[in-house]
file upload.txt (compact mmCIF, C-alpha atoms)
# COMPACT_ATOMS: atom_id res chain seq x y z
CA MET A 1 92.72 108.49 105.23
CA GLU A 2 93.39 105.25 107.13
CA ALA A 3 96.75 103.83 106.18
CA ALA A 4 97.34 100.43 104.64
CA PHE A 5 99.86 97.88 105.93
CA TYR A 6 99.75 98.24 109.70
CA GLU A 7 98.67 96.26 112.75
CA LYS A 8 97.11 97.27 116.06
CA ILE A 9 99.33 95.78 118.77
CA GLY A 10 97.66 96.90 122.00
CA ASP A 11 98.05 99.77 124.45
CA GLY A 12 96.98 102.11 121.67
CA ARG A 13 100.13 101.36 119.67
CA VAL A 14 100.34 100.37 116.00
CA ALA A 15 103.04 98.64 113.98
CA CYS A 16 103.50 100.11 110.51
CA LYS A 17 104.46 97.49 107.90
CA LEU A 18 105.00 99.74 104.88
CA CYS A 19 108.80 99.92 104.91
CA PRO A 20 111.60 97.97 106.61
CA HIS A 21 111.72 100.41 109.52
CA ASN A 22 108.55 98.63 110.74
CA CYS A 23 107.89 101.53 113.11
CA VAL A 24 105.99 100.89 116.33
CA ILE A 25 104.04 104.11 116.81
CA ALA A 26 102.45 105.26 120.04
CA GLU A 27 99.19 107.23 120.26
CA GLY A 28 99.63 110.74 118.86
CA ARG A 29 103.04 109.99 117.35
CA ARG A 30 104.29 109.59 113.79
CA GLY A 31 106.60 107.12 112.11
CA ILE A 32 110.11 107.93 110.88
CA CYS A 33 108.67 109.15 107.56
CA ARG A 34 106.58 111.74 109.49
CA VAL A 35 103.53 111.26 107.25
CA ARG A 36 101.88 108.30 109.02
CA GLU A 37 100.30 109.15 112.37
CA ASN A 38 98.65 107.09 115.12
CA ARG A 39 95.33 108.67 116.07
CA GLY A 40 93.40 106.74 118.68
CA GLY A 41 95.00 103.45 117.71
CA THR A 42 94.36 103.91 113.98
CA LEU A 43 97.20 104.73 111.59
CA TYR A 44 96.47 107.55 109.18
CA ALA A 45 98.19 108.54 105.92
CA LEU A 46 98.47 112.30 106.38
CA THR A 47 99.45 113.23 102.81
CA TYR A 48 96.84 111.30 100.83
CA ALA A 49 96.08 113.39 97.69
CA ARG A 50 98.12 116.26 99.16
CA VAL A 51 100.57 117.47 96.51
CA ALA A 52 103.41 119.93 97.16
CA SER A 53 104.85 120.19 93.65
CA VAL A 54 103.43 119.64 90.14
CA ALA A 55 105.37 120.22 86.91
CA MET A 56 105.84 118.94 83.39
CA ASP A 57 109.38 117.59 83.13
CA PRO A 58 111.45 115.93 80.44
CA ILE A 59 111.56 112.19 81.19
CA GLU A 60 115.37 112.51 81.11
CA LYS A 61 115.18 114.64 84.28
CA LYS A 62 114.03 111.68 86.43
CA PRO A 63 116.61 110.49 85.18
CA LEU A 64 115.30 107.90 82.72
CA TYR A 65 117.28 107.74 79.47
CA HIS A 66 115.87 104.52 78.01
CA PHE A 67 112.17 105.09 78.65
CA TYR A 68 110.29 107.10 76.01
CA PRO A 69 113.31 109.33 75.28
CA GLY A 70 112.34 112.89 74.48
CA GLY A 71 108.95 112.56 76.14
CA ASP A 72 107.46 114.89 78.73
CA ILE A 73 105.90 113.56 81.91
CA LEU A 74 103.68 115.16 84.54
CA SER A 75 105.71 115.02 87.76
CA ILE A 76 104.30 115.29 91.27
CA GLY A 77 105.51 115.01 94.82
CA THR A 78 104.55 115.75 98.39
CA TRP A 79 106.74 115.95 101.51
CA GLY A 80 108.41 113.46 103.84
CA CYS A 81 110.88 110.59 103.52
CA ASN A 82 111.78 107.35 105.29
CA PHE A 83 115.50 108.11 104.88
CA SER A 84 117.45 110.71 106.83
CA CYS A 85 120.28 111.35 104.35
CA ARG A 86 122.70 113.94 105.64
CA PHE A 87 123.52 114.83 102.02
CA CYS A 88 119.91 115.09 100.76
CA GLN A 89 119.85 117.09 97.52
CA ASN A 90 116.11 117.84 97.83
CA TRP A 91 115.80 118.32 101.58
CA THR A 92 113.27 121.18 101.41
CA LEU A 93 110.59 118.63 100.49
CA SER A 94 111.90 115.46 102.08
CA MET A 95 112.97 116.81 105.45
CA GLN A 96 110.29 119.35 106.34
CA GLU A 97 106.54 119.80 106.13
CA VAL A 98 105.37 122.17 103.40
CA GLU A 99 102.11 123.55 102.06
CA THR A 100 100.13 121.26 99.78
CA GLU A 101 97.06 121.29 97.56
CA GLU A 102 94.48 118.57 97.05
CA PHE A 103 94.99 116.57 93.85
CA PRO A 104 92.73 113.48 93.73
CA PRO A 105 93.77 110.51 91.56
CA ASP A 106 91.09 111.08 88.91
CA ARG A 107 92.13 114.71 88.52
CA LEU A 108 95.77 113.63 88.27
CA ALA A 109 95.06 111.19 85.45
CA ALA A 110 92.89 113.70 83.59
CA THR A 111 95.54 116.42 83.95
CA ALA A 112 98.27 114.16 82.57
CA ALA A 113 96.11 113.22 79.59
CA SER A 114 95.15 116.82 78.84
CA ARG A 115 98.77 117.98 78.83
CA GLY A 116 99.99 115.38 76.37
CA SER A 117 102.10 113.68 79.02
CA ILE A 118 103.29 110.10 78.60
CA GLY A 119 102.05 109.55 82.16
CA VAL A 120 102.87 110.53 85.72
CA ALA A 121 106.17 110.47 87.58
CA TYR A 122 105.97 110.24 91.37
CA THR A 123 109.11 112.05 92.42
CA TYR A 124 110.66 115.02 94.30
CA ASN A 125 110.30 113.21 97.65
CA GLU A 126 110.05 109.48 98.43
CA PRO A 127 106.86 108.21 96.72
CA THR A 128 106.49 104.87 98.52
CA ILE A 129 105.58 106.58 101.82
CA TRP A 130 102.65 108.03 99.82
CA TRP A 131 101.52 104.45 99.20
CA GLU A 132 97.73 104.80 99.42
CA TYR A 133 97.63 107.76 97.03
CA LEU A 134 100.31 106.19 94.87
CA TYR A 135 98.31 102.99 94.47
CA ASP A 136 95.03 104.74 93.67
CA SER A 137 96.73 107.15 91.27
CA CYS A 138 98.71 104.48 89.44
CA ARG A 139 95.49 102.59 88.75
CA ALA A 140 93.72 105.74 87.52
CA VAL A 141 96.65 106.69 85.30
CA ARG A 142 96.88 103.17 83.87
CA GLU A 143 93.14 103.18 83.14
CA ALA A 144 93.69 106.41 81.17
CA GLY A 145 96.20 104.55 78.98
CA LEU A 146 99.22 106.37 80.41
CA LYS A 147 102.46 105.29 82.12
CA ASN A 148 103.49 105.34 85.78
CA VAL A 149 107.06 106.15 86.82
CA LEU A 150 108.56 105.99 90.33
CA VAL A 151 111.73 107.81 91.37
CA THR A 152 112.49 106.07 94.64
CA ASN A 153 115.04 105.09 97.26
CA GLY A 154 113.73 101.52 97.08
CA PHE A 155 113.06 101.23 100.82
CA VAL A 156 109.71 99.48 100.94
CA ASN A 157 108.52 96.10 102.19
CA MET A 158 107.76 93.36 99.69
CA GLU A 159 104.00 93.09 100.26
CA PRO A 160 103.22 96.73 99.38
CA LEU A 161 105.74 96.58 96.54
CA GLU A 162 104.15 93.48 95.03
CA LYS A 163 100.70 95.04 95.16
CA LEU A 164 101.95 98.18 93.41
CA LEU A 165 104.21 96.66 90.73
CA PRO A 166 101.48 95.58 88.27
CA TYR A 167 100.70 99.28 87.73
CA VAL A 168 104.28 100.55 87.45
CA ASP A 169 105.97 100.93 84.06
CA ALA A 170 109.39 102.29 85.04
CA MET A 171 111.46 103.06 88.09
CA ASN A 172 114.64 104.95 88.78
CA ILE A 173 116.00 103.54 92.03
CA ASP A 174 118.84 105.00 94.04
CA ILE A 175 121.64 102.69 95.07
CA LYS A 176 123.42 105.24 97.19
CA ALA A 177 126.44 103.12 98.01
CA PHE A 178 127.49 99.50 98.25
CA HIS A 179 128.39 99.12 101.89
CA GLU A 180 126.13 98.97 104.91
CA GLY A 181 128.15 101.57 106.82
CA PHE A 182 127.24 104.31 104.36
CA TYR A 183 123.54 103.50 104.51
CA LYS A 184 123.53 103.23 108.30
CA GLU A 185 125.60 106.32 109.07
CA LEU A 186 124.45 108.71 106.35
CA CYS A 187 120.91 107.48 105.56
CA GLY A 188 119.71 105.66 108.69
CA VAL A 189 118.65 102.47 106.87
CA LYS A 190 119.91 99.08 105.63
CA LEU A 191 121.32 98.53 102.14
CA GLU A 192 120.14 94.92 101.97
CA SER A 193 116.48 95.94 101.85
CA VAL A 194 117.12 98.30 98.93
CA LEU A 195 118.93 95.67 96.88
CA GLU A 196 116.02 93.26 97.28
CA VAL A 197 113.67 95.87 95.83
CA VAL A 198 116.00 96.72 92.92
CA GLU A 199 116.26 93.08 91.92
CA ARG A 200 112.53 92.41 92.26
CA ALA A 201 111.47 95.55 90.37
CA SER A 202 113.84 94.81 87.50
CA LYS A 203 111.94 91.58 86.83
CA ASN A 204 108.64 93.44 86.45
CA CYS A 205 109.27 96.84 84.84
CA HIS A 206 111.92 99.01 83.23
CA VAL A 207 114.55 99.94 85.86
CA GLU A 208 117.41 102.41 85.81
CA VAL A 209 119.66 103.00 88.82
CA THR A 210 121.31 106.15 90.15
CA THR A 211 124.29 106.61 92.44
CA LEU A 212 125.23 110.03 93.80
CA ILE A 213 129.02 109.99 94.07
CA VAL A 214 129.98 111.56 97.41
CA PRO A 215 133.76 112.09 97.61
CA GLY A 216 135.40 110.14 100.41
CA HIS A 217 132.23 108.23 101.27
CA ASN A 218 131.17 105.92 98.42
CA ASP A 219 133.78 106.47 95.70
CA ALA A 220 136.32 103.73 96.46
CA PRO A 221 137.13 101.90 93.19
CA LYS A 222 136.51 98.46 94.68
CA GLU A 223 133.11 99.52 96.04
CA LEU A 224 132.08 100.98 92.68
CA ASP A 225 133.23 97.84 90.91
CA ASN A 226 131.23 95.66 93.31
CA LEU A 227 128.14 97.83 92.87
CA ALA A 228 128.24 97.73 89.07
CA SER A 229 128.95 94.00 89.12
CA TRP A 230 125.95 93.39 91.38
CA VAL A 231 123.62 95.37 89.09
CA ALA A 232 124.85 93.43 86.05
CA GLU A 233 124.42 90.08 87.78
CA HIS A 234 121.02 90.71 89.37
CA CYS A 235 119.36 93.09 86.87
CA GLY A 236 121.29 92.60 83.62
CA ARG A 237 124.22 94.42 82.07
CA GLN A 238 121.84 96.43 79.87
CA THR A 239 120.46 98.18 82.96
CA PRO A 240 121.13 101.92 82.52
CA ALA A 241 123.14 103.45 85.38
CA HIS A 242 123.44 107.13 86.25
CA LEU A 243 126.39 108.50 88.22
CA SER A 244 125.58 111.94 89.56
CA ALA A 245 127.76 114.67 91.02
CA TYR A 246 127.16 115.57 94.65
CA PHE A 247 127.05 119.17 95.84
CA PRO A 248 127.09 120.22 99.52
CA ARG A 249 123.52 120.20 100.78
CA TYR A 250 121.60 119.88 104.03
CA LYS A 251 123.90 118.52 106.79
CA LEU A 252 126.91 117.26 104.83
CA ASP A 253 129.62 119.68 103.78
CA VAL A 254 132.31 117.81 101.88
CA GLU A 255 133.78 118.91 98.57
CA ALA A 256 131.59 118.66 95.49
CA THR A 257 132.22 115.76 93.13
CA GLY A 258 134.87 116.63 90.57
CA GLU A 259 134.50 115.76 86.90
CA SER A 260 137.60 113.56 86.97
CA LEU A 261 136.10 111.42 89.75
CA LEU A 262 132.89 110.96 87.77
CA LEU A 263 134.81 110.00 84.63
CA HIS A 264 136.88 107.46 86.56
CA SER A 265 133.75 106.06 88.19
CA ARG A 266 132.17 105.68 84.75
CA GLU A 267 135.11 103.66 83.48
CA ILE A 268 134.74 101.28 86.41
CA PHE A 269 131.00 100.88 85.79
CA ARG A 270 131.55 100.29 82.08
CA LYS A 271 133.41 97.07 82.83
CA HIS A 272 130.07 95.58 83.85
CA LEU A 273 127.28 97.73 82.37
CA ASP A 274 126.57 98.77 78.79
CA TYR A 275 124.97 102.16 79.48
CA VAL A 276 126.55 104.47 82.04
CA TYR A 277 125.60 108.15 82.18
CA LEU A 278 126.90 111.16 84.10
CA GLY A 279 124.59 113.62 85.84
CA ASN A 280 124.92 117.12 87.33
CA VAL A 281 127.98 117.72 85.18
CA SER A 282 128.59 118.84 81.60
CA THR A 283 130.90 116.57 79.59
CA ALA A 284 131.22 115.96 75.89
CA ASP A 285 129.67 112.47 75.90
CA GLY A 286 128.41 112.00 79.43
CA SER A 287 124.76 111.60 78.48
CA ASP A 288 124.81 110.18 74.93
CA THR A 289 123.59 106.68 74.11
CA ASP A 290 125.83 104.70 71.76
CA CYS A 291 124.81 101.39 70.25
CA VAL A 292 126.45 98.51 72.06
CA LYS A 293 126.69 96.45 68.87
CA CYS A 294 127.90 98.87 66.17
CA GLY A 295 128.95 101.96 68.15
CA ALA A 296 126.68 104.36 66.27
CA LYS A 297 125.18 107.25 68.23
CA VAL A 298 121.58 106.30 68.97
CA ILE A 299 120.70 109.39 71.03
CA ALA A 300 122.71 112.60 71.42
CA ARG A 301 121.84 114.63 74.51
CA SER A 302 122.71 118.19 75.49
CA GLY A 303 121.11 119.02 78.81
CA TYR A 304 117.49 118.00 78.37
CA ARG A 305 117.58 118.52 74.60
CA ILE A 306 117.92 115.29 72.68
CA ASP A 307 118.50 114.19 69.09
CA THR A 308 117.01 110.78 68.31
CA ALA A 309 118.06 110.67 64.65
CA GLY A 310 120.03 107.49 65.36
CA MET A 311 117.02 105.65 66.83
CA SER A 312 114.36 103.89 64.80
CA GLN A 313 110.68 104.34 65.59
CA ASP A 314 110.59 101.13 67.65
CA GLY A 315 113.58 102.24 69.74
CA ARG A 316 116.28 100.22 68.01
CA CYS A 317 119.57 101.43 66.55
CA ALA A 318 118.77 102.99 63.17
CA ASN A 319 122.13 101.83 61.82
CA CYS A 320 122.17 98.12 62.69
CA GLY A 321 118.78 97.39 64.29
CA PHE A 322 120.18 96.36 67.68
CA ASP A 323 117.88 96.60 70.70
CA ASN A 324 119.65 98.87 73.20
CA ASN A 325 117.04 98.26 75.95
CA MET A 326 115.08 101.31 74.83
CA VAL A 327 111.37 101.39 75.81
CA ASN A 328 109.62 103.50 73.20
CA SER A 329 106.18 101.95 72.75
call {"tool": "encode", "arguments": {"input": "upload.txt", "output": "structure tokens"}}
result
Amino acid sequence: MEAAFYEKIGDGRVACKLCPHNCVIAEGRRGICRVRENRGGTLYALTYARVASVAMDPIEKKPLYHFYPGGDILSIGTWGCNFSCRFCQNWTLSMQEVETEEFPPDRLAATAASRGSIGVAYTYNEPTIWWEYLYDSCRAVREAGLKNVLVTNGFVNMEPLEKLLPYVDAMNIDIKAFHEGFYKELCGVKLESVLEVVERASKNCHVEVTTLIVPGHNDAPKELDNLASWVAEHCGRQTPAHLSAYFPRYKLDVEATGESLLLHSREIFRKHLDYVYLGNVSTADGSDTDCVKCGAKVIARSGYRIDTAGMSQDGRCANCGFDNNMVNS
């Protein structure tokens, strides 16, 4: 399929405008994401409707803790990424080409509806480089009365983002660190572009943010404090934040994140944000939601099993009625 958001610039070259890399691609070559190819001066989206992984997942796995808690969501992904993270935790899909099957948007929407899913989560690899399929599928899913969820690195230009946002209900966006050096050296991109997307998306849909804590690289207390402060200022202090443990993967081999580091990071985040959760680690209260107003337990979580006895049907605290930024209808 011909790609959206590109220009023909002469000599058979094209300029892709989908993400801030703004790749200039010669005839027969691909962009940094590896899924957009110049064929005879026309840019093609190679993975349109090509799906590498399909599964029903708990919504908490995305992770989204304040969006239809306890719900299941049909989750799909393909291959490719516009980042080059040395620590990628899902590199088998993002960093290499894999076998796929055809899954047109209408079939996707019908499958989600037939399985009792709350909608579709575009995840596993970076969904924004799948833009043409993502856009068509989000519209089909919305027409079926279901929800669209993106799990993304947030590295996309504003024009394609703006066109997509009316069909997106929730996003989990990675903020991998809060200094440009980390993004440049370990991911090959600019932090500034990601922050613009986080702020813009938070004005349009439910947003939760995730930071993978990599020891010695993005765990300095001042950096964590600045990150949490920025999220509170630009997205609101009720924005749920997830701090996840890193494990050695792909090309980075530093020590795994210890529980004590995650707990300390959480305390820093809690100075600025009301809901801070720990991922990839088992702690007594790392994933529970407590009411900000009265302190009652709204949701108790153990792995992907949850107890919502403390939450009213409309998502409020059953004890005091406070709205803990829980989307449940």
call {"tool": "closest_residue", "arguments": {"input": "upload.txt", "among": "A:Val276, A:Leu186, A:Met171, A:Leu93", "to": "Val198 (chain A)", "atoms": "all atoms listed in the file"}}
result
A:Met171
call {"tool": "atom_distance", "arguments": {"input": "upload.txt", "atom1": "CA of Cys291 (chain A)", "atom2": "CA of Pro58 (chain A)"}}
result
22.2 Å
call {"tool": "closest_residue", "arguments": {"input": "upload.txt", "among": "A:Lys17, A:Ile118, A:Gly321, A:His206", "to": "Glu159 (chain A)", "atoms": "only C-alpha atoms"}}
result
A:Lys17
call {"tool": "closest_atom_pairs", "arguments": {"input": "upload.txt", "of": "region 202-245 of chain A", "to": "region 134-151 of chain A", "cutoff": "12 Å", "atoms": "all atoms listed in the file", "output": "JSON lines"}}
result
{"residue": "A:Cys205", "atom": "CA", "partner": "A:Val149", "partner_atom": "CA", "distance": 9.8}
{"residue": "A:His206", "atom": "CA", "partner": "A:Val149", "partner_atom": "CA", "distance": 9.4}
{"residue": "A:Val207", "atom": "CA", "partner": "A:Leu150", "partner_atom": "CA", "distance": 9.6}
{"residue": "A:Glu208", "atom": "CA", "partner": "A:Val151", "partner_atom": "CA", "distance": 9.6}
{"residue": "A:Val209", "atom": "CA", "partner": "A:Val151", "partner_atom": "CA", "distance": 9.6}
{"residue": "A:Thr210", "atom": "CA", "partner": "A:Val151", "partner_atom": "CA", "distance": 9.8}
call {"tool": "residues_around", "arguments": {"input": "upload.txt", "residues": "Leu263 (chain A)", "least_positions_apart": "2", "cutoff": "10 Å", "atoms": "only C-alpha atoms", "output": "MDAnalysis selection string"}}
result
chainID A and resid 243 258:261 265:269 277:278 283 286
call {"tool": "closest_residue", "arguments": {"input": "upload.txt", "among": "A:Lys8, A:Glu2, A:Gly71, A:Val156", "to": "His21 (chain A)", "atoms": "only C-alpha atoms"}}
result
A:Val156
call {"tool": "atom_distance", "arguments": {"input": "upload.txt", "atom1": "CA of Glu97 (chain A)", "atom2": "CA of Arg39 (chain A)"}}
result
18.7 Å
call {"tool": "closest_residue", "arguments": {"input": "upload.txt", "among": "A:Ser75, A:Lys184, A:Cys81, A:Thr47", "to": "Gly31 (chain A)", "atoms": "all atoms listed in the file"}}
result
A:Cys81
call {"tool": "atom_distance", "arguments": {"input": "upload.txt", "atom1": "CA of Val197 (chain A)", "atom2": "CA of Ser229 (chain A)"}}
result
16.8 Å
call {"tool": "residues_around", "arguments": {"input": "upload.txt", "residues": "Ala220 (chain A)", "least_positions_apart": "4", "cutoff": "12 Å", "atoms": "all atoms listed in the file", "output": "PyMOL selection string"}}
result
chain A and resi 177-179+213-216+224-227+261-262+264-265+268
call {"tool": "residues_around", "arguments": {"input": "upload.txt", "residues": "Asp290 (chain A)", "least_positions_apart": "4", "cutoff": "9 Å", "atoms": "all atoms listed in the file", "output": "list in words"}}
result
Tyr275, Cys294, Gly295, Ala296, Lys297, Val298, Ile299, Ala300, Cys317 and Asn324 of chain A
call {"tool": "residues_near_point", "arguments": {"input": "upload.txt", "point": "(117.3, 103.7, 75.7)", "cutoff": "9 Å", "atoms": "all atoms listed in the file", "output": "list in words"}}
result
Leu64, Tyr65, His66, Phe67, Tyr68, Pro69, Pro240, Tyr275, Thr289, Val298, Ile299, Gly315, Arg316, Asp323, Asn324, Asn325, Met326, Val327 and Asn328 of chain A
